[in-house]
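Below is target-v7.cif, holding mmCIF, C-alpha atoms and all ligand atoms.
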```
data_structure
#
loop_
_atom_site.label_atom_id
_atom_site.label_comp_id
_atom_site.auth_asym_id
_atom_site.auth_seq_id
_atom_site.Cartn_x
_atom_site.Cartn_y
_atom_site.Cartn_z
CA MET A 1 -2.14 -17.80 -4.65
CA GLN A 2 -3.47 -18.97 -1.29
CA ILE A 3 -3.21 -17.29 2.09
CA GLY A 4 -4.41 -20.12 4.26
CA THR A 5 -7.97 -20.68 3.07
CA VAL A 6 -8.13 -17.37 1.17
CA THR A 7 -7.58 -17.51 -2.61
CA LEU A 8 -6.19 -14.50 -4.50
CA ALA A 9 -6.28 -13.95 -8.26
CA GLY A 10 -3.12 -13.20 -10.25
CA GLY A 11 -2.02 -9.57 -10.39
CA ALA A 12 -0.69 -7.17 -7.79
CA ALA A 13 -1.66 -6.18 -4.26
CA LEU A 14 -1.85 -2.69 -2.80
CA ALA A 15 0.55 -2.17 0.12
CA PRO A 16 -0.71 -0.85 3.43
CA MET A 17 0.01 2.88 3.69
CA ALA A 18 -1.06 4.74 6.82
CA GLY A 19 -2.63 8.10 6.07
CA VAL A 20 -2.75 7.36 2.35
CA ALA A 21 -4.24 3.97 1.45
CA ASP A 22 -7.59 4.61 3.14
CA ARG A 23 -10.84 2.88 2.27
CA ALA A 24 -11.50 5.24 -0.69
CA PHE A 25 -8.11 4.61 -2.27
CA ARG A 26 -8.22 0.88 -1.58
CA GLU A 27 -11.66 0.55 -3.19
CA LEU A 28 -10.51 2.51 -6.20
CA CYS A 29 -7.41 0.33 -6.60
CA ARG A 30 -9.58 -2.78 -6.34
CA SER A 31 -11.93 -1.44 -9.02
CA PHE A 32 -8.91 -1.12 -11.31
CA GLY A 33 -7.69 -4.66 -10.62
CA ALA A 34 -5.70 -4.78 -7.37
CA VAL A 35 -6.22 -8.36 -6.22
CA TYR A 36 -5.67 -7.76 -2.52
CA THR A 37 -5.46 -4.82 -0.14
CA VAL A 38 -4.17 -4.39 3.41
CA GLY A 39 -5.64 -1.63 5.55
CA GLU A 40 -3.71 1.13 7.31
CA MET A 41 -1.90 -0.05 10.43
CA VAL A 42 -4.07 0.08 13.54
CA SER A 43 -2.88 0.15 17.15
CA ALA A 44 -3.87 -3.06 18.95
CA ARG A 45 -3.78 -1.16 22.22
CA GLY A 46 -6.09 1.51 20.75
CA LEU A 47 -8.58 -1.20 19.79
CA VAL A 48 -8.45 -2.88 23.17
CA GLN A 49 -8.98 0.48 24.87
CA GLY A 50 -12.03 1.16 22.68
CA SER A 51 -10.58 4.07 20.68
CA PRO A 52 -13.14 5.01 17.99
CA LYS A 53 -10.36 6.52 15.87
CA SER A 54 -8.55 3.17 15.80
CA GLU A 55 -11.74 1.25 15.01
CA GLU A 56 -12.62 3.58 12.15
CA LEU A 57 -9.47 2.44 10.37
CA LEU A 58 -10.77 -1.14 10.32
CA VAL A 59 -13.79 -0.40 8.13
CA MET A 60 -13.57 -2.23 4.82
CA GLY A 61 -15.77 -1.66 1.79
CA PRO A 62 -17.56 -4.54 0.07
CA GLY A 63 -15.31 -4.03 -2.96
CA GLU A 64 -12.12 -4.75 -1.05
CA ARG A 65 -12.61 -8.40 -0.23
CA PRO A 66 -10.70 -10.58 0.23
CA GLY A 67 -8.70 -8.06 2.19
CA ALA A 68 -6.70 -7.69 5.37
CA VAL A 69 -6.57 -5.38 8.34
CA GLN A 70 -3.16 -4.69 9.83
CA LEU A 71 -2.42 -4.50 13.55
CA PHE A 72 0.66 -3.20 15.31
CA GLY A 73 1.80 -3.50 18.90
CA ASP A 74 4.42 -5.03 21.15
CA ASP A 75 2.40 -7.06 23.65
CA PRO A 76 1.22 -10.55 22.64
CA GLU A 77 -1.71 -10.45 25.05
CA VAL A 78 -2.93 -7.05 23.86
CA LEU A 79 -2.62 -8.10 20.23
CA ALA A 80 -4.59 -11.28 20.90
CA ARG A 81 -7.30 -9.25 22.64
CA ALA A 82 -7.44 -6.89 19.64
CA VAL A 83 -8.34 -9.77 17.31
CA PRO A 84 -12.05 -10.05 18.25
CA VAL A 85 -12.39 -6.27 17.90
CA ALA A 86 -10.83 -6.44 14.44
CA MET A 87 -13.07 -9.39 13.52
CA LYS A 88 -16.17 -7.21 13.97
CA TYR A 89 -15.18 -5.74 10.60
CA GLN A 90 -14.91 -9.18 9.00
CA PRO A 91 -11.48 -9.06 7.40
CA GLN A 92 -10.42 -12.20 5.52
CA VAL A 93 -6.84 -11.92 6.86
CA ILE A 94 -5.11 -10.34 9.86
CA ASP A 95 -1.71 -8.88 9.03
CA LEU A 96 0.88 -8.00 11.66
CA ASN A 97 3.12 -4.97 11.17
CA MET A 98 6.74 -5.81 11.95
CA GLY A 99 8.27 -3.36 9.50
CA CYS A 100 7.19 0.17 10.37
CA PRO A 101 10.30 2.36 10.77
CA ALA A 102 8.58 5.40 12.34
CA PRO A 103 10.14 6.32 15.70
CA LYS A 104 6.67 6.60 17.25
CA ILE A 105 6.15 2.87 16.51
CA ALA A 106 9.62 1.32 16.25
CA GLY A 107 10.80 3.40 19.23
CA ASN A 108 8.23 1.53 21.33
CA ARG A 109 9.40 -2.03 20.52
CA ALA A 110 6.69 -2.41 17.83
CA GLY A 111 6.92 -2.30 14.01
CA ALA A 112 10.43 -2.86 12.71
CA ALA A 113 11.84 -3.00 16.26
CA LEU A 114 10.39 -6.51 16.49
CA MET A 115 13.03 -7.61 14.00
CA LYS A 116 15.54 -7.02 16.81
CA ASP A 117 13.51 -9.23 19.13
CA PRO A 118 12.44 -12.34 17.16
CA GLU A 119 11.50 -14.14 20.35
CA LEU A 120 8.88 -11.47 21.20
CA ALA A 121 7.80 -11.38 17.54
CA SER A 122 7.25 -15.14 17.67
CA ARG A 123 5.14 -14.89 20.82
CA ILE A 124 3.03 -12.20 19.11
CA ILE A 125 2.44 -14.31 16.00
CA ARG A 126 1.54 -17.39 18.09
CA ALA A 127 -0.86 -15.40 20.30
CA VAL A 128 -2.61 -13.77 17.34
CA LYS A 129 -2.75 -17.03 15.43
CA GLU A 130 -4.41 -18.72 18.37
CA ALA A 131 -6.95 -15.91 18.75
CA SER A 132 -7.71 -15.49 15.05
CA PRO A 133 -10.39 -17.36 13.10
CA VAL A 134 -8.84 -16.12 9.83
CA PRO A 135 -5.33 -16.55 8.37
CA VAL A 136 -2.53 -14.47 9.89
CA THR A 137 0.28 -12.84 7.90
CA VAL A 138 3.36 -10.85 8.87
CA LYS A 139 4.88 -7.90 7.00
CA PHE A 140 8.48 -7.10 7.79
CA ARG A 141 11.73 -5.74 6.34
CA LYS A 142 15.17 -6.96 5.36
CA GLY A 143 16.44 -6.26 8.88
CA TRP A 144 17.02 -3.40 11.29
CA ASP A 145 20.14 -2.15 9.51
CA GLU A 146 22.84 -3.45 7.16
CA ASN A 147 24.72 -4.94 10.13
CA SER A 148 21.75 -6.96 11.29
CA VAL A 149 20.11 -8.32 8.16
CA ASN A 150 17.96 -11.20 9.42
CA ALA A 151 14.99 -11.46 7.06
CA VAL A 152 15.67 -15.13 6.24
CA ASP A 153 15.77 -16.25 9.88
CA PHE A 154 12.85 -13.98 10.69
CA ALA A 155 10.82 -15.52 7.86
CA ARG A 156 11.55 -19.05 9.15
CA MET A 157 10.57 -17.94 12.64
CA ALA A 158 7.29 -16.48 11.29
CA GLN A 159 6.50 -19.73 9.49
CA GLU A 160 7.27 -21.85 12.56
CA SER A 161 5.14 -19.54 14.69
CA GLY A 162 2.13 -20.17 12.46
CA ALA A 163 2.09 -17.35 9.89
CA ASP A 164 0.06 -18.29 6.80
CA ALA A 165 2.06 -15.98 4.50
CA ILE A 166 4.62 -13.20 4.76
CA ALA A 167 5.15 -9.90 2.98
CA LEU A 168 8.72 -8.70 2.71
CA HIS A 169 9.79 -5.12 2.01
CA GLY A 170 13.38 -5.38 0.77
CA ARG A 171 14.79 -2.50 2.80
CA THR A 172 16.26 -2.21 6.28
CA ARG A 173 14.69 -0.02 8.90
CA ALA A 174 17.72 2.28 8.68
CA GLN A 175 17.09 2.69 4.96
CA MET A 176 13.52 3.91 5.61
CA TYR A 177 12.30 4.36 2.01
CA ALA A 178 15.59 5.19 0.27
CA PRO A 179 16.21 3.34 -2.99
CA PRO A 180 17.03 0.75 -4.01
CA ALA A 181 15.03 -2.07 -2.45
CA ASP A 182 16.96 -5.34 -2.26
CA TRP A 183 15.13 -8.01 -4.27
CA GLU A 184 17.86 -10.60 -3.68
CA ILE A 185 16.80 -10.85 -0.03
CA ILE A 186 13.24 -11.53 -1.21
CA ARG A 187 14.57 -14.37 -3.37
CA GLN A 188 16.49 -15.81 -0.40
CA VAL A 189 13.42 -15.62 1.82
CA LYS A 190 11.24 -17.27 -0.81
CA GLU A 191 13.74 -20.11 -1.04
CA ALA A 192 13.85 -20.52 2.74
CA VAL A 193 10.14 -20.94 3.50
CA SER A 194 7.21 -22.93 2.14
CA ILE A 195 4.45 -20.42 2.98
CA PRO A 196 3.62 -17.84 0.27
CA VAL A 197 5.86 -14.77 0.04
CA ILE A 198 4.59 -11.38 -1.07
CA GLY A 199 7.42 -9.27 -2.51
CA ASN A 200 7.47 -5.52 -1.94
CA GLY A 201 9.70 -2.55 -2.72
CA ASP A 202 10.10 -0.32 -5.78
CA VAL A 203 7.53 -1.98 -8.04
CA ASP A 204 6.01 0.92 -9.97
CA SER A 205 5.23 -0.42 -13.45
CA PRO A 206 4.01 -3.57 -15.19
CA ARG A 207 7.59 -4.33 -16.24
CA SER A 208 9.03 -3.99 -12.74
CA ALA A 209 6.22 -6.19 -11.39
CA LYS A 210 7.19 -8.94 -13.83
CA GLU A 211 10.88 -8.42 -13.09
CA MET A 212 10.30 -8.82 -9.36
CA LEU A 213 8.28 -12.00 -9.85
CA GLU A 214 11.01 -13.45 -12.07
CA ALA A 215 13.97 -12.30 -9.99
CA THR A 216 12.61 -13.43 -6.64
CA GLY A 217 10.11 -16.21 -7.38
CA CYS A 218 7.71 -14.48 -4.97
CA ASP A 219 4.05 -15.45 -5.14
CA LEU A 220 2.58 -11.96 -5.44
CA VAL A 221 3.94 -8.43 -5.80
CA MET A 222 2.77 -5.62 -3.57
CA VAL A 223 2.81 -2.01 -4.78
CA GLY A 224 2.90 1.01 -2.51
CA ARG A 225 4.05 4.45 -3.62
CA GLY A 226 3.96 3.54 -7.33
CA ALA A 227 0.16 3.46 -7.19
CA LEU A 228 -0.32 6.92 -5.67
CA GLY A 229 -2.29 9.05 -8.11
CA ARG A 230 -2.27 6.05 -10.49
CA PRO A 231 -4.74 3.42 -9.26
CA TRP A 232 -5.14 2.18 -12.87
CA LEU A 233 -1.60 0.78 -12.54
CA PHE A 234 -3.13 -2.43 -11.13
CA GLY A 235 -5.07 -3.09 -14.35
CA GLN A 236 -1.92 -2.40 -16.35
CA ILE A 237 0.09 -4.84 -14.23
CA ALA A 238 -2.59 -7.56 -14.41
CA ALA A 239 -2.82 -7.27 -18.22
CA TYR A 240 0.95 -7.34 -18.67
CA LEU A 241 1.38 -10.35 -16.40
CA ARG A 242 -1.50 -12.17 -18.09
CA ASP A 243 -0.31 -11.96 -21.71
CA GLY A 244 2.19 -9.11 -22.14
CA THR A 245 -0.48 -6.54 -23.06
CA VAL A 246 0.78 -2.99 -22.52
CA LEU A 247 -2.14 -0.76 -21.59
CA PRO A 248 -1.46 2.98 -21.98
CA ASP A 249 -2.06 5.44 -19.16
CA PRO A 250 -5.58 6.85 -19.38
CA PRO A 251 -5.91 10.27 -21.02
CA MET A 252 -5.89 13.30 -18.71
CA GLU A 253 -9.70 13.69 -18.80
CA GLU A 254 -10.10 10.17 -17.47
CA ARG A 255 -7.37 10.58 -14.87
CA MET A 256 -9.09 13.64 -13.53
CA GLU A 257 -12.39 11.76 -13.36
CA VAL A 258 -10.68 9.10 -11.27
CA MET A 259 -9.23 11.80 -9.00
CA LEU A 260 -12.70 13.29 -8.53
CA ARG A 261 -14.13 9.85 -7.82
CA GLN A 262 -11.49 9.26 -5.15
CA VAL A 263 -12.02 12.62 -3.46
CA SER A 264 -15.82 12.14 -3.52
CA LEU A 265 -15.42 8.74 -1.86
CA MET A 266 -13.09 10.25 0.74
CA ALA A 267 -15.66 12.95 1.52
CA ALA A 268 -18.40 10.33 1.83
CA TYR A 269 -16.33 8.12 4.15
CA LYS A 270 -14.60 10.60 6.44
CA GLY A 271 -16.51 13.86 6.13
CA GLU A 272 -15.54 16.87 4.02
CA LYS A 273 -13.31 18.60 6.54
CA ILE A 274 -10.84 15.75 6.92
CA ALA A 275 -11.30 14.54 3.35
CA PHE A 276 -10.29 17.76 1.60
CA ARG A 277 -7.29 18.29 3.83
CA GLU A 278 -6.08 14.76 3.08
CA ALA A 279 -7.08 15.03 -0.59
CA ARG A 280 -4.45 17.70 -1.26
CA LYS A 281 -1.57 15.22 -1.37
CA HIS A 282 -3.58 12.80 -3.52
CA CYS A 283 -4.46 15.61 -5.97
CA GLY A 284 -0.75 16.45 -6.10
CA TRP A 285 0.02 12.84 -7.07
CA TYR A 286 -2.67 12.78 -9.78
CA ILE A 287 -1.16 15.78 -11.55
CA THR A 288 2.43 14.54 -11.30
CA GLY A 289 4.03 14.41 -14.72
CA ILE A 290 2.23 17.38 -16.25
CA ARG A 291 5.10 19.50 -17.46
CA GLY A 292 5.40 23.07 -16.20
CA ALA A 293 2.67 22.52 -13.62
CA ALA A 294 4.09 24.46 -10.66
CA ALA A 295 0.98 26.63 -10.42
CA LEU A 296 -1.19 23.55 -10.69
CA ARG A 297 0.68 21.93 -7.82
CA ARG A 298 0.10 25.02 -5.69
CA GLN A 299 -3.57 24.83 -6.60
CA ALA A 300 -3.67 21.15 -5.56
CA GLY A 301 -2.15 22.09 -2.21
CA THR A 302 -5.07 24.33 -1.29
CA VAL A 303 -8.20 22.46 -2.41
CA SER A 304 -10.94 22.63 0.19
CA SER A 305 -14.14 21.70 -1.63
CA LEU A 306 -15.30 19.47 -4.46
CA GLU A 307 -15.64 22.62 -6.57
CA ASP A 308 -11.93 23.33 -5.98
CA VAL A 309 -11.04 19.80 -7.08
CA LYS A 310 -13.22 20.18 -10.18
CA ALA A 311 -11.48 23.47 -11.01
CA LEU A 312 -8.11 21.76 -10.59
CA ALA A 313 -9.23 18.96 -12.91
CA ARG A 314 -10.38 21.46 -15.57
CA GLU A 315 -7.07 23.30 -15.36
CA ALA A 316 -5.06 20.08 -15.63
CA VAL A 317 -7.02 19.05 -18.73
CA ARG A 318 -6.60 22.53 -20.27
CA LEU A 319 -2.86 22.54 -19.60
CA SER A 320 -2.25 19.08 -20.96
CA ARG A 321 -4.30 19.87 -24.09
CA ALA A 322 -2.27 23.04 -24.63
CA LEU A 323 0.95 21.06 -24.24
CA LEU A 324 -0.27 18.45 -26.70
CA GLU A 325 -1.21 21.13 -29.26
CA ASN A 326 2.18 22.76 -28.84
CA THR A 327 3.92 19.46 -29.41
CA GLU A 328 1.76 18.68 -32.46
CA ASN A 329 2.33 22.16 -33.93
CA SER A 330 6.07 22.01 -33.47
CA SER A 331 6.36 18.48 -34.85
CA GLY A 332 4.11 19.52 -37.78
CA ALA A 333 6.38 22.50 -38.46
CA GLY A 334 9.36 20.16 -38.25
CA ARG A 335 7.90 17.87 -40.90
CA GLY A 336 7.12 20.80 -43.21
CA ALA A 337 10.61 22.25 -42.95
C1 LIG A 401 3.00 6.94 3.45
C2 LIG A 401 3.33 5.50 3.75
C3 LIG A 401 2.66 4.85 4.76
C4 LIG A 401 2.96 3.51 5.05
N1 LIG A 401 2.25 2.87 6.02
C5 LIG A 401 2.46 1.54 6.24
C6 LIG A 401 1.63 0.81 7.15
O1 LIG A 401 0.69 1.33 7.75
N2 LIG A 401 1.93 -0.51 7.33
C7 LIG A 401 2.94 -1.14 6.66
O2 LIG A 401 3.17 -2.34 6.86
N3 LIG A 401 3.71 -0.46 5.79
C8 LIG A 401 3.48 0.83 5.54
N4 LIG A 401 4.22 1.50 4.61
C9 LIG A 401 5.22 0.75 3.81
C10 LIG A 401 4.61 0.22 2.51
O3 LIG A 401 3.61 -0.73 2.78
C11 LIG A 401 5.68 -0.43 1.62
O4 LIG A 401 6.28 -1.49 2.34
C12 LIG A 401 6.78 0.55 1.20
O5 LIG A 401 6.23 1.77 0.77
C13 LIG A 401 7.63 -0.04 0.08
O6 LIG A 401 6.88 -0.31 -1.06
P1 LIG A 401 6.92 0.65 -2.37
O7 LIG A 401 8.38 0.79 -2.76
O8 LIG A 401 6.08 -0.05 -3.39
O9 LIG A 401 6.36 1.98 -1.93
C14 LIG A 401 3.96 2.83 4.31
C15 LIG A 401 4.63 3.51 3.29
C16 LIG A 401 4.32 4.82 2.99
C17 LIG A 401 5.06 5.51 1.87
#
```

Take the structure I supplied and represent it as structure tokens, if you would.
Amino acid sequence: MQIGTVTLAGGAALAPMAGVADRAFRELCRSFGAVYTVGEMVSARGLVQGSPKSEELLVMGPGERPGAVQLFGDDPEVLARAVPVAMKYQPQVIDLNMGCPAPKIAGNRAGAALMKDPELASRIIRAVKEASPVPVTVKFRKGWDENSVNAVDFARMAQESGADAIALHGRTRAQMYAPPADWEIIRQVKEAVSIPVIGNGDVDSPRSAKEMLEATGCDLVMVGRGALGRPWLFGQIAAYLRDGTVLPDPPMEERMEVMLRQVSLMAAYKGEKIAFREARKHCGWYITGIRGAAALRRQAGTVSSLEDVKALAREAVRLSRALLENTENSSGAGRGA
């Protein structure tokens, strides 16, 4: 698919996730086959005011190209002025956040609140489009709430204002992240516009990726929470979409190696202090699904060094081996009886 002049391969994209989909996770997802990544949302005002914290979020690794940075804000002029700052980091696409439900963002007219003010949203898209040397995309939701579903009109407005593609999360702001996502609205939006549509919401497996593509006709699926602790999901989705190949989940040893790789990258990119604090939730996601792992989860919640993460990995491998042996013994006994 094409976003303006940018060509993307077939497969799935990683959704932007503030505080989670950082450079380390994005690079890992790309190495497993994610075809496109969008950075964590960055305050346009922060960039214009020279905030180093905001700028740090714009750093992209060489492995995550073509990729996008995402800006949020409520002032067309400020957003336009943020574009040259963002361009220092050479993104291939600038994405505009018009879907964030967090009160801190949507309570200040930005994020999903822009869905209640399409005229302001249009001025923002036009201003950024004019300032940007690269394609501009917009990510938004189904609407503010069930009484004000306006994704189709909003999509048309985005297209008329110059957006090169849109990403639609099939939930209202009021719904936050509660299931289910509405894929029918994605189908309606796809039918209403000629620019590419990226579908998002509740894709967490190769099968659901294919189902979304078929049910909505969208050009690309975007995966958020389903990829947490499972970056290999992107390779599984790409293989399934290509020719129906079902790739198994990697064995526990390999999963733990991936976890260690992610945490090591995090430490290299943001320093150990921040990295290990943030790594706790990621470690928790990597060990999800190991039965009877309450103690393991507690252990994941306290890691504060690479040694701790290695110990967690060893324990996860030991526990899953023990479970496997138990299962094999009991099924062996069953066959003998
Ligand atoms: C922790 C978290 C952080 C998120 N941060 C962003 C963000 O910075 N920008 C954005 O457009 N969406 C953000 N989202 C929304 C996701 O991009 C995505 O639209 C949503 O999770 C639905 O997709 P999923 O069902 O595949 O998770 C975030 C979601 C989560 C769970």

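As for atom CA of Leu319 of chain A and atom CA of Tyr286 of chain A, they are spaced 13.8 Å apart.
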
Which chain A residues have any atom within 9 Å of an atom of ligand LIG 401 (chain A), and for each, what is the nearest pair of atoms with distance in Å to one decimal, counting all atoms listed in the file, rows sorted by chain and number, as a Markdown table?
```
| residue | atom | partner | partner_atom | distance |
| --- | --- | --- | --- | --- |
| A:Leu14 | CA | A:LIG401 | O3 | 8.0 |
| A:Ala15 | CA | A:LIG401 | O3 | 4.3 |
| A:Pro16 | CA | A:LIG401 | O3 | 4.4 |
| A:Met17 | CA | A:LIG401 | N1 | 3.2 |
| A:Ala18 | CA | A:LIG401 | N1 | 3.9 |
| A:Gly19 | CA | A:LIG401 | C1 | 6.3 |
| A:Val20 | CA | A:LIG401 | C1 | 5.9 |
| A:Ala21 | CA | A:LIG401 | C3 | 7.7 |
| A:Val38 | CA | A:LIG401 | N2 | 8.2 |
| A:Gly39 | CA | A:LIG401 | O1 | 7.3 |
| A:Glu40 | CA | A:LIG401 | O1 | 4.4 |
| A:Met41 | CA | A:LIG401 | O1 | 4.0 |
| A:Val42 | CA | A:LIG401 | O1 | 7.6 |
| A:Gln70 | CA | A:LIG401 | N2 | 7.0 |
| A:Leu71 | CA | A:LIG401 | N2 | 8.6 |
| A:Phe72 | CA | A:LIG401 | N2 | 8.5 |
| A:Asp95 | CA | A:LIG401 | O2 | 8.4 |
| A:Leu96 | CA | A:LIG401 | O2 | 7.8 |
| A:Asn97 | CA | A:LIG401 | O2 | 5.0 |
| A:Met98 | CA | A:LIG401 | O2 | 7.1 |
| A:Gly99 | CA | A:LIG401 | O2 | 5.8 |
| A:Cys100 | CA | A:LIG401 | N3 | 5.8 |
| A:Pro101 | CA | A:LIG401 | N4 | 8.7 |
| A:Gly111 | CA | A:LIG401 | O2 | 8.1 |
| A:Val138 | CA | A:LIG401 | O2 | 8.7 |
| A:Lys139 | CA | A:LIG401 | O2 | 5.8 |
| A:Phe140 | CA | A:LIG401 | O2 | 7.2 |
| A:Arg141 | CA | A:LIG401 | O4 | 8.0 |
| A:Ala167 | CA | A:LIG401 | O4 | 8.5 |
| A:Leu168 | CA | A:LIG401 | O4 | 7.6 |
| A:His169 | CA | A:LIG401 | O4 | 5.1 |
| A:Gly170 | CA | A:LIG401 | C13 | 7.9 |
| A:Arg171 | CA | A:LIG401 | C13 | 8.0 |
| A:Met176 | CA | A:LIG401 | C12 | 8.7 |
| A:Tyr177 | CA | A:LIG401 | C13 | 6.7 |
| A:Ala178 | CA | A:LIG401 | O7 | 9.0 |
| A:Pro179 | CA | A:LIG401 | O7 | 8.2 |
| A:Pro180 | CA | A:LIG401 | O7 | 8.7 |
| A:Ala181 | CA | A:LIG401 | O7 | 7.2 |
| A:Asn200 | CA | A:LIG401 | O6 | 5.3 |
| A:Gly201 | CA | A:LIG401 | O7 | 3.6 |
| A:Asp202 | CA | A:LIG401 | O7 | 3.6 |
| A:Val203 | CA | A:LIG401 | O8 | 5.2 |
| A:Asp204 | CA | A:LIG401 | O8 | 6.7 |
| A:Val221 | CA | A:LIG401 | O8 | 9.0 |
| A:Met222 | CA | A:LIG401 | O8 | 6.5 |
| A:Val223 | CA | A:LIG401 | O8 | 4.1 |
| A:Gly224 | CA | A:LIG401 | O8 | 3.5 |
| A:Arg225 | CA | A:LIG401 | O9 | 3.8 |
| A:Gly226 | CA | A:LIG401 | O8 | 5.7 |
| A:Ala227 | CA | A:LIG401 | O8 | 7.9 |
```

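Note that atom CA of Asp182 of chain A and atom CA of Cys29 of chain A are 25.4 Å apart.
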
So that I can check the surroundings of Ala239 of chain A, please list as a PDB file with C-alpha atoms, in the coordinates of the input every protein, DNA and RNA residue that reaches within 10 Å of it, counting all atoms listed in the file and ignoring chain neighbours fewer than 5 positions away.
```
ATOM      1  CA  GLY A  10      -3.120 -13.200 -10.250  1.00  0.00           C
ATOM      2  CA  GLY A  11      -2.020  -9.570 -10.390  1.00  0.00           C
ATOM      3  CA  GLY A  33      -7.690  -4.660 -10.620  1.00  0.00           C
ATOM      4  CA  PRO A 206       4.010  -3.570 -15.190  1.00  0.00           C
ATOM      5  CA  LEU A 233      -1.600   0.780 -12.540  1.00  0.00           C
ATOM      6  CA  PHE A 234      -3.130  -2.430 -11.130  1.00  0.00           C
ATOM      7  CA  GLY A 244       2.190  -9.110 -22.140  1.00  0.00           C
ATOM      8  CA  THR A 245      -0.480  -6.540 -23.060  1.00  0.00           C
ATOM      9  CA  VAL A 246       0.780  -2.990 -22.520  1.00  0.00           C
ATOM     10  CA  LEU A 247      -2.140  -0.760 -21.590  1.00  0.00           C
TER      11      LEU A 247
END
```

Atom CA of Val258 of chain A to atom CA of Gly271 of chain A, straight-line distance in Å: 19.0 Å

Residues proximal to (-10.8, 5.4, -2.2) were defined as those with any atom within 9 Å of that point in the file's coordinates, counting only C-alpha atoms. Which are they, as a PDB file with C-alpha atoms, in the frame of the given file?
```pdb
ATOM      1  CA  ALA A  21      -4.240   3.970   1.450  1.00  0.00           C
ATOM      2  CA  ASP A  22      -7.590   4.610   3.140  1.00  0.00           C
ATOM      3  CA  ARG A  23     -10.840   2.880   2.270  1.00  0.00           C
ATOM      4  CA  ALA A  24     -11.500   5.240  -0.690  1.00  0.00           C
ATOM      5  CA  PHE A  25      -8.110   4.610  -2.270  1.00  0.00           C
ATOM      6  CA  ARG A  26      -8.220   0.880  -1.580  1.00  0.00           C
ATOM      7  CA  GLU A  27     -11.660   0.550  -3.190  1.00  0.00           C
ATOM      8  CA  LEU A  28     -10.510   2.510  -6.200  1.00  0.00           C
ATOM      9  CA  CYS A  29      -7.410   0.330  -6.600  1.00  0.00           C
ATOM     10  CA  ARG A 261     -14.130   9.850  -7.820  1.00  0.00           C
ATOM     11  CA  GLN A 262     -11.490   9.260  -5.150  1.00  0.00           C
ATOM     12  CA  VAL A 263     -12.020  12.620  -3.460  1.00  0.00           C
ATOM     13  CA  SER A 264     -15.820  12.140  -3.520  1.00  0.00           C
ATOM     14  CA  LEU A 265     -15.420   8.740  -1.860  1.00  0.00           C
ATOM     15  CA  MET A 266     -13.090  10.250   0.740  1.00  0.00           C
ATOM     16  CA  TYR A 269     -16.330   8.120   4.150  1.00  0.00           C
TER      17      TYR A 269
END
```

Just want the 12 Å neighbourhood of segment 298-311 of chain A, counted on only C-alpha atoms, with same-chain residues fewer than 4 positions away dropped. Output as a PyMOL selection string. chain A and resi 253+256-268+271-288+292-294+315-318

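With all atoms listed in the file as the atoms that count, the minimum distance from Glu64 of chain A to the choices A:Asp243, A:Ser51, A:Leu8, A:Ala102 is reached by A:Leu8.
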
Pick out the closest residue to Arg230 of chain A from this set: A:Arg187, A:Arg173, A:Glu211, A:Gly289. Count only C-alpha atoms. A:Gly289

Near Asp164 of chain A, within 9 Å and counting only C-alpha atoms, which residues show up once chain neighbours fewer than 5 positions away are dropped, as a ChimeraX atom specification? /A:2-4,135-138,158-159,195-196

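Candidate residues A:Ile290, A:Val48, A:Ala295, A:Ala174 were compared for distance to Ala106 of chain A, and the nearest is A:Ala174, using only C-alpha atoms.
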
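Each of A:Leu47, A:Val83, A:Val134, A:Leu324 was compared to Thr5 of chain A using all atoms listed in the file, and A:Val134 turns out to be the nearest.
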
Within 6 Å of (1.2, -13.8, -4.6) (file coordinates; only C-alpha atoms), which protein or nucleic acid residues are there? I'd like them as a VMD selection string. chain A and resid 1 198 219 to 220

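Shortest atom-to-atom contact with Leu79 of chain A among A:Arg297, A:Arg45, A:Arg65, A:Lys104: A:Arg45, counting only C-alpha atoms.
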
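Of the residues listed (A:Ser43, A:Ser205, A:Thr37, A:Asn329), A:Thr37 shows the shortest atom-to-atom separation from Gly63 of chain A; distances use all atoms listed in the file.
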